[in-house]
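Below: the structure, in structure tokens.
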Amino acid sequence: KRKNNNAVREQRKKLRDQEQLEMVQLEERAMNFSPPSTAVGDGSTFIFDTLPISKLTAEGLKRAKFQELTEIQRKAIPMGLRRRDILGAAMTGSGKTLAFLVPMLEILYRERWSREDGIGAMIIAPTRELAVQIFNVLTKVGRNHSFSAGLIIGGKNLKEEQKRIVGLNIIICTPGRLLQHMNETPNFDCDNLKVLILDEADRILDMGFKSTLNAIIENLPRDRHTWLFSATQTKSVKDLARLSLRDPEYVAVHDKSETSTPTKLSQHYLLCELHQKIDFLFSFLKAHPNTKILVFMSTCKQVRYLYEAFTRLEPGFRLLQLHGRQNQFRRVEIFEKFLATKHAIMLATDVAARGLDFPEVNWVIQMDCPEDVATYIHRVGRTARYESEGNGLLLLLPSEETSMVTKLREKRVPIESIKVKENRTLATKQKLQFLCFQEPEIKYLAQKAFVTYMKSIHLQKDKEVFDVHAMPADEFAESLGLSGAPKITMIKKSKSKNQNQLPAVLSDSEQEDEDVEEGEKQDTDKPDRPKNKADRMFNRKNTTVLADHYAKLVDRSDHLDGPVSDNEDEDIFVVKRVIPVEEGVDSLIEEYQPAPKQGRRQQARQRKKQQKVVHNDKVLFDDEGQQLHGYGLKSEAEVAQEEGPLAAKIAERMQRERAGVAEHDALDKQEAKQRRQAKRLKIRQREREAM
């Protein structure tokens, strides 16, 4: 036994020494490795087997059928293996996910990372769908490693995540959920973190995630490797300083290329009016039933309205919707359905614009103008993925065309104009109006779609492209099926920015609670600011999204003098009579004398008087109609005079009652005695039978 134990120990020692030697050799190969220099698009190939990576990672890549490296992978992976900070920029669909997953796995492997070491790598993505996609790729590539990985995103059970997150080595998360765990989960720390990765880094570093990311960075160690990847990479010194990057390597494989979008992507824009967009979209989808199309819109309400309306019109193609208002399980289900379906149309907001890899998407239609060129590139990048072909179409309004097309061409986006034959466009206006008339839910969604779209235009920063006052509101509302444009509260911008600014648009959406009235001109004219929610509610003038035509249904017959003004439908009180000054208003004021205030004691006496109860007498009549006194009550004196002294009567009554009680008591005792005797007889009879 001792010899066997010694042999096992020696064998284990040899394995440990061999592993240590392999780690040292792998580290040296990685630090000294330099890929062969190749030009973009020269046709040369470079496979994963030539990389200085472990056998576990190489086998995972083979099983996942990853063989050749793309340009971004060829340049970024060796830098990651050398433990350098990276700023990676490449076109959409160029393989950025593997460019950071492979070196991340190798660094943890060379560090011999285990469950007891805690969190070693953290990947932050701006959307849940992108985090799910990265997690799926990681499970394929890193299946042979012993690391524990977890998907930490919103919409899942927080308590279950808190139980499992402590034992994870790799975390793939969204910023909000990660910060929630940092604040609420006990024993959650990232003190041993080795690698921090930001996918779609420009989106995470912008104003939407600024405060969240700053709070996350404060909880992370400075001694770490930081990698940033995106199709539109940031070079801001402030952003890089926030992340504590140390001499980062900027990897941009397509900076010198002629275009900033894939070469096999055909891009066009169509000039049309706002009220013609729905007709064109419906006609285009009907004309391409056997294709895979992704349609981007500005707001969730637009997506939901067009999904519900088009579904009821029975277009003959499969329709899906994806937006941020859906719960997590529903979003994942729709995401997987669109991945697995060969022919389908998905209406989506910008939650599907970044990083998601949808295979074989034929068309990307941007129904609303994107907020900037970076958003356009990410949207249109959902098609023409990795050497496949695709088509992109952008719908622009006349007020948006000049500025937006100029900005796109400045960023090396080749886009050309096309025209559509009007006689081939299907009209949907009357059908949508019928739907809104027939179903109040559709009408409500149409109103919300109108309001949220107008608000999104108003909130855009680039006023050269977006002008809310150039929008034909009435025609747009009619194209949605409404008989009139819903009312939108008007506010003025800050006077410090522009004194002559026209009123801006603010919707009554769920996110806005305070409305500023249009008539404010000076600080002295402003009403007192409401102090609580109740005051704000009562100060509002227009708390609904109902259209102007609804006000015509209200009966205004009580207006006796003069026409009804346009703003009168917003008032609570209506003037019925106007008294001119010449007709003696002073006399009316003199006649009116307010009642003197009463004290508390006087008010209490008055209430007591009002509370006095008057007993009613019941009146009976005989057959001849003569009044009878049926239930009149007699006084004690009258009873004593008629029947004698009351004390004697009471004593006599009590004596009779006592005698009756004693008699009933004797009967009850006799019945109880008989029951006991009968019971004893039954018991004796059973005993005799038993003997």
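Letters A, B, ... go to the chains of the structure tokens in the order shown; residues in each chain start at 1; ligands are counted from 1 in the same order.
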
**Asked** Quick one: residues within 10 Å of Ile217 of chain A, only C-alpha atoms counted, chain neighbours fewer than 6 positions away excluded, as a PyMOL selection string?
**Response** chain A and resi 179+196+242-244

**Message:** List as a list in words the protein and nucleic acid residues near segment 474-477 of chain A, meaning an atom at most 7 Å away when only C-alpha atoms are counted, but skip any in the same chain fewer than 6 places from it.
**Reply:** Leu274, His275, Phe450, Gly484 and Ala485 of chain A

**Item:** Closest of A:Glu218, A:Glu111, A:Glu129, A:Asp279 to Asn423 of chain A - atom-to-atom distances counting only C-alpha atoms
**Value:** A:Asp279

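Within 8 Å of Leu482 of chain A, once only C-alpha atoms are used and residues closer than 6 positions along the same chain are dropped, the contacting residues are Gln433, Cys436, Lys443, Ala446 and Gln447 of chain A.
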
Please produce a file of those selected residues containing C-alpha atoms, as an mmCIF file, in the first residue's frame.
```cif
data_model
loop_
_atom_site.group_PDB
_atom_site.id
_atom_site.type_symbol
_atom_site.label_atom_id
_atom_site.label_comp_id
_atom_site.auth_asym_id
_atom_site.auth_seq_id
_atom_site.Cartn_x
_atom_site.Cartn_y
_atom_site.Cartn_z
ATOM 1 C CA GLN A 433 -59.278 54.328 -39.492
ATOM 2 C CA CYS A 436 -59.379 52.594 -34.699
ATOM 3 C CA LYS A 443 -56.987 53.832 -31.263
ATOM 4 C CA ALA A 446 -52.234 55.010 -32.361
ATOM 5 C CA GLN A 447 -52.508 58.063 -30.108
#
```

**Message:** Give me, as a PyMOL selection string, all polymer residues having an atom no more than 10 Å from segment 231-235 of chain A, counting only C-alpha atoms and skipping those fewer than 4 positions away in the same chain.
**Reply:** chain A and resi 87-94+96+199-203+205-206+239-240+250-252+254+260-261+354-355+373-375+377-378+381

**Asked** When DSSP works through the backbone of this structure, what residues of segment 255-334 of chain A end up as helix (DSSP H, G or I), shown as a ChimeraX atom specification?
**Response** /A:274-287,300-312,328-334

Pull N, CA and C atoms from the residues just selected and write them as a compact mmCIF listing (two decimals), in the first residue's frame.
```txt
# COMPACT_ATOMS: atom_id res chain seq x y z
N LEU A 274 -44.08 62.18 -44.20
CA LEU A 274 -44.30 61.45 -42.96
C LEU A 274 -45.56 60.59 -43.03
N HIS A 275 -46.62 61.13 -43.64
CA HIS A 275 -47.88 60.38 -43.68
C HIS A 275 -47.87 59.27 -44.74
N GLN A 276 -46.79 59.17 -45.53
CA GLN A 276 -46.70 58.12 -46.55
C GLN A 276 -45.87 56.92 -46.09
N LYS A 277 -45.25 57.02 -44.94
CA LYS A 277 -44.34 55.97 -44.50
C LYS A 277 -45.04 54.64 -44.28
N ILE A 278 -46.19 54.67 -43.62
CA ILE A 278 -46.88 53.40 -43.31
C ILE A 278 -47.35 52.72 -44.59
N ASP A 279 -47.86 53.51 -45.54
CA ASP A 279 -48.28 52.93 -46.83
C ASP A 279 -47.11 52.26 -47.52
N PHE A 280 -45.96 52.94 -47.55
CA PHE A 280 -44.80 52.36 -48.23
C PHE A 280 -44.31 51.10 -47.51
N LEU A 281 -44.24 51.16 -46.17
CA LEU A 281 -43.75 49.99 -45.42
C LEU A 281 -44.65 48.78 -45.65
N PHE A 282 -45.95 48.98 -45.56
CA PHE A 282 -46.88 47.86 -45.75
C PHE A 282 -46.76 47.30 -47.17
N SER A 283 -46.64 48.18 -48.16
CA SER A 283 -46.51 47.73 -49.55
C SER A 283 -45.21 46.97 -49.75
N PHE A 284 -44.12 47.45 -49.15
CA PHE A 284 -42.82 46.79 -49.30
C PHE A 284 -42.85 45.39 -48.67
N LEU A 285 -43.44 45.28 -47.48
CA LEU A 285 -43.49 43.98 -46.82
C LEU A 285 -44.38 43.00 -47.59
N LYS A 286 -45.47 43.49 -48.16
CA LYS A 286 -46.33 42.62 -48.97
C LYS A 286 -45.62 42.14 -50.23
N ALA A 287 -44.72 42.98 -50.76
CA ALA A 287 -44.02 42.62 -52.00
C ALA A 287 -42.84 41.70 -51.76
N CYS A 300 -41.08 52.44 -28.67
CA CYS A 300 -41.77 51.18 -28.39
C CYS A 300 -43.24 51.24 -28.81
N LYS A 301 -43.88 52.41 -28.61
CA LYS A 301 -45.30 52.53 -28.94
C LYS A 301 -45.54 52.40 -30.44
N GLN A 302 -44.62 52.92 -31.24
CA GLN A 302 -44.75 52.74 -32.69
C GLN A 302 -44.68 51.27 -33.08
N VAL A 303 -43.72 50.57 -32.50
CA VAL A 303 -43.56 49.15 -32.80
C VAL A 303 -44.82 48.38 -32.43
N ARG A 304 -45.33 48.65 -31.24
CA ARG A 304 -46.49 47.90 -30.78
C ARG A 304 -47.73 48.22 -31.62
N TYR A 305 -47.91 49.51 -31.97
CA TYR A 305 -49.09 49.88 -32.76
C TYR A 305 -49.06 49.23 -34.13
N LEU A 306 -47.93 49.34 -34.84
CA LEU A 306 -47.86 48.77 -36.19
C LEU A 306 -47.94 47.25 -36.15
N TYR A 307 -47.40 46.63 -35.11
CA TYR A 307 -47.51 45.17 -34.99
C TYR A 307 -48.98 44.77 -34.85
N GLU A 308 -49.71 45.44 -33.94
CA GLU A 308 -51.12 45.09 -33.73
C GLU A 308 -51.95 45.42 -34.96
N ALA A 309 -51.68 46.57 -35.60
CA ALA A 309 -52.48 46.97 -36.77
C ALA A 309 -52.20 46.05 -37.96
N PHE A 310 -50.93 45.80 -38.26
CA PHE A 310 -50.61 44.94 -39.40
C PHE A 310 -51.11 43.51 -39.19
N THR A 311 -51.07 43.03 -37.95
CA THR A 311 -51.56 41.68 -37.67
C THR A 311 -53.05 41.56 -37.99
N ARG A 312 -53.82 42.61 -37.66
CA ARG A 312 -55.25 42.58 -37.94
C ARG A 312 -55.57 42.76 -39.42
N GLN A 328 -38.32 40.02 -19.91
CA GLN A 328 -37.09 39.39 -20.39
C GLN A 328 -37.36 38.06 -21.11
N PHE A 329 -38.23 37.23 -20.55
CA PHE A 329 -38.48 35.93 -21.15
C PHE A 329 -39.12 36.07 -22.53
N ARG A 330 -40.00 37.05 -22.67
CA ARG A 330 -40.64 37.29 -23.96
C ARG A 330 -39.63 37.79 -24.98
N ARG A 331 -38.71 38.65 -24.57
CA ARG A 331 -37.69 39.17 -25.48
C ARG A 331 -36.76 38.06 -25.97
N VAL A 332 -36.36 37.20 -25.05
CA VAL A 332 -35.48 36.09 -25.44
C VAL A 332 -36.21 35.14 -26.38
N GLU A 333 -37.48 34.90 -26.11
CA GLU A 333 -38.27 34.00 -26.96
C GLU A 333 -38.38 34.54 -28.38
N ILE A 334 -38.67 35.85 -28.51
CA ILE A 334 -38.79 36.46 -29.84
C ILE A 334 -37.44 36.47 -30.54
```

**Prompt:** Leu356 of chain A: which residues within 9 Å, counting only C-alpha atoms, same-chain residues fewer than 3 positions away excluded, as number ranges by chain?
**Reply:** A: 93, 129-130, 133, 352-353, 382

**Request:** Kindly indicate which residue among A:Gln11, A:Thr185, A:Ser34, A:Ser456 lies nearest to Leu158 of chain A, using only C-alpha atoms for the distances.
**Result:** A:Thr185

**Request:** Tell me, as a PyMOL selection string, which residues lie within 9 Å of segment 71-82 of chain A, counting only C-alpha atoms; anything in the same chain fewer than 5 positions away does not count.
**Result:** chain A and resi 27+30-36+38-41+46+51-53+87-90+94-104+106-107+225+227+249+251-254

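Picture a line from atom CA of Thr57 of chain A to atom CA of Val137 of chain A; it runs 12.5 Å.
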
**Fill in**
Shortest contact to Ala449 of chain A, candidates A:Asp255, A:Tyr269, A:Gly176, A:Thr299, atoms counted only C-alpha atoms, goes to A:Thr299

**Asked** Could you state the separation of atom CA of Met367 of chain A and atom CA of Leu394 of chain A in Å, given to one decimal place?
**Response** 6.4 Å

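Closest approach to Gly120 of chain A among A:Asn157, A:Asn144, A:Asn192, A:Thr174 is made by A:Asn192 (distances from only C-alpha atoms).
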
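Comparing A:Leu393, A:Met122, A:Met346, A:Ile153 by their smallest distance to Leu108 of chain A, the closest is A:Met122 (using only C-alpha atoms).
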
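If you look at atom CA of Lys163 of chain A and atom CA of Ala149 of chain A, they are 13.8 Å away from each other.
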
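With distances restricted to only C-alpha atoms, A:Leu271 is the closest residue to Val420 of chain A from A:Ile47, A:Leu21, A:Leu271, A:Val465.
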
**Residues of segment 235-353 of chain A in strand (DSSP E), written as a ChimeraX atom specification** = /A:249-252,265-271,292-296,319-322,344-348
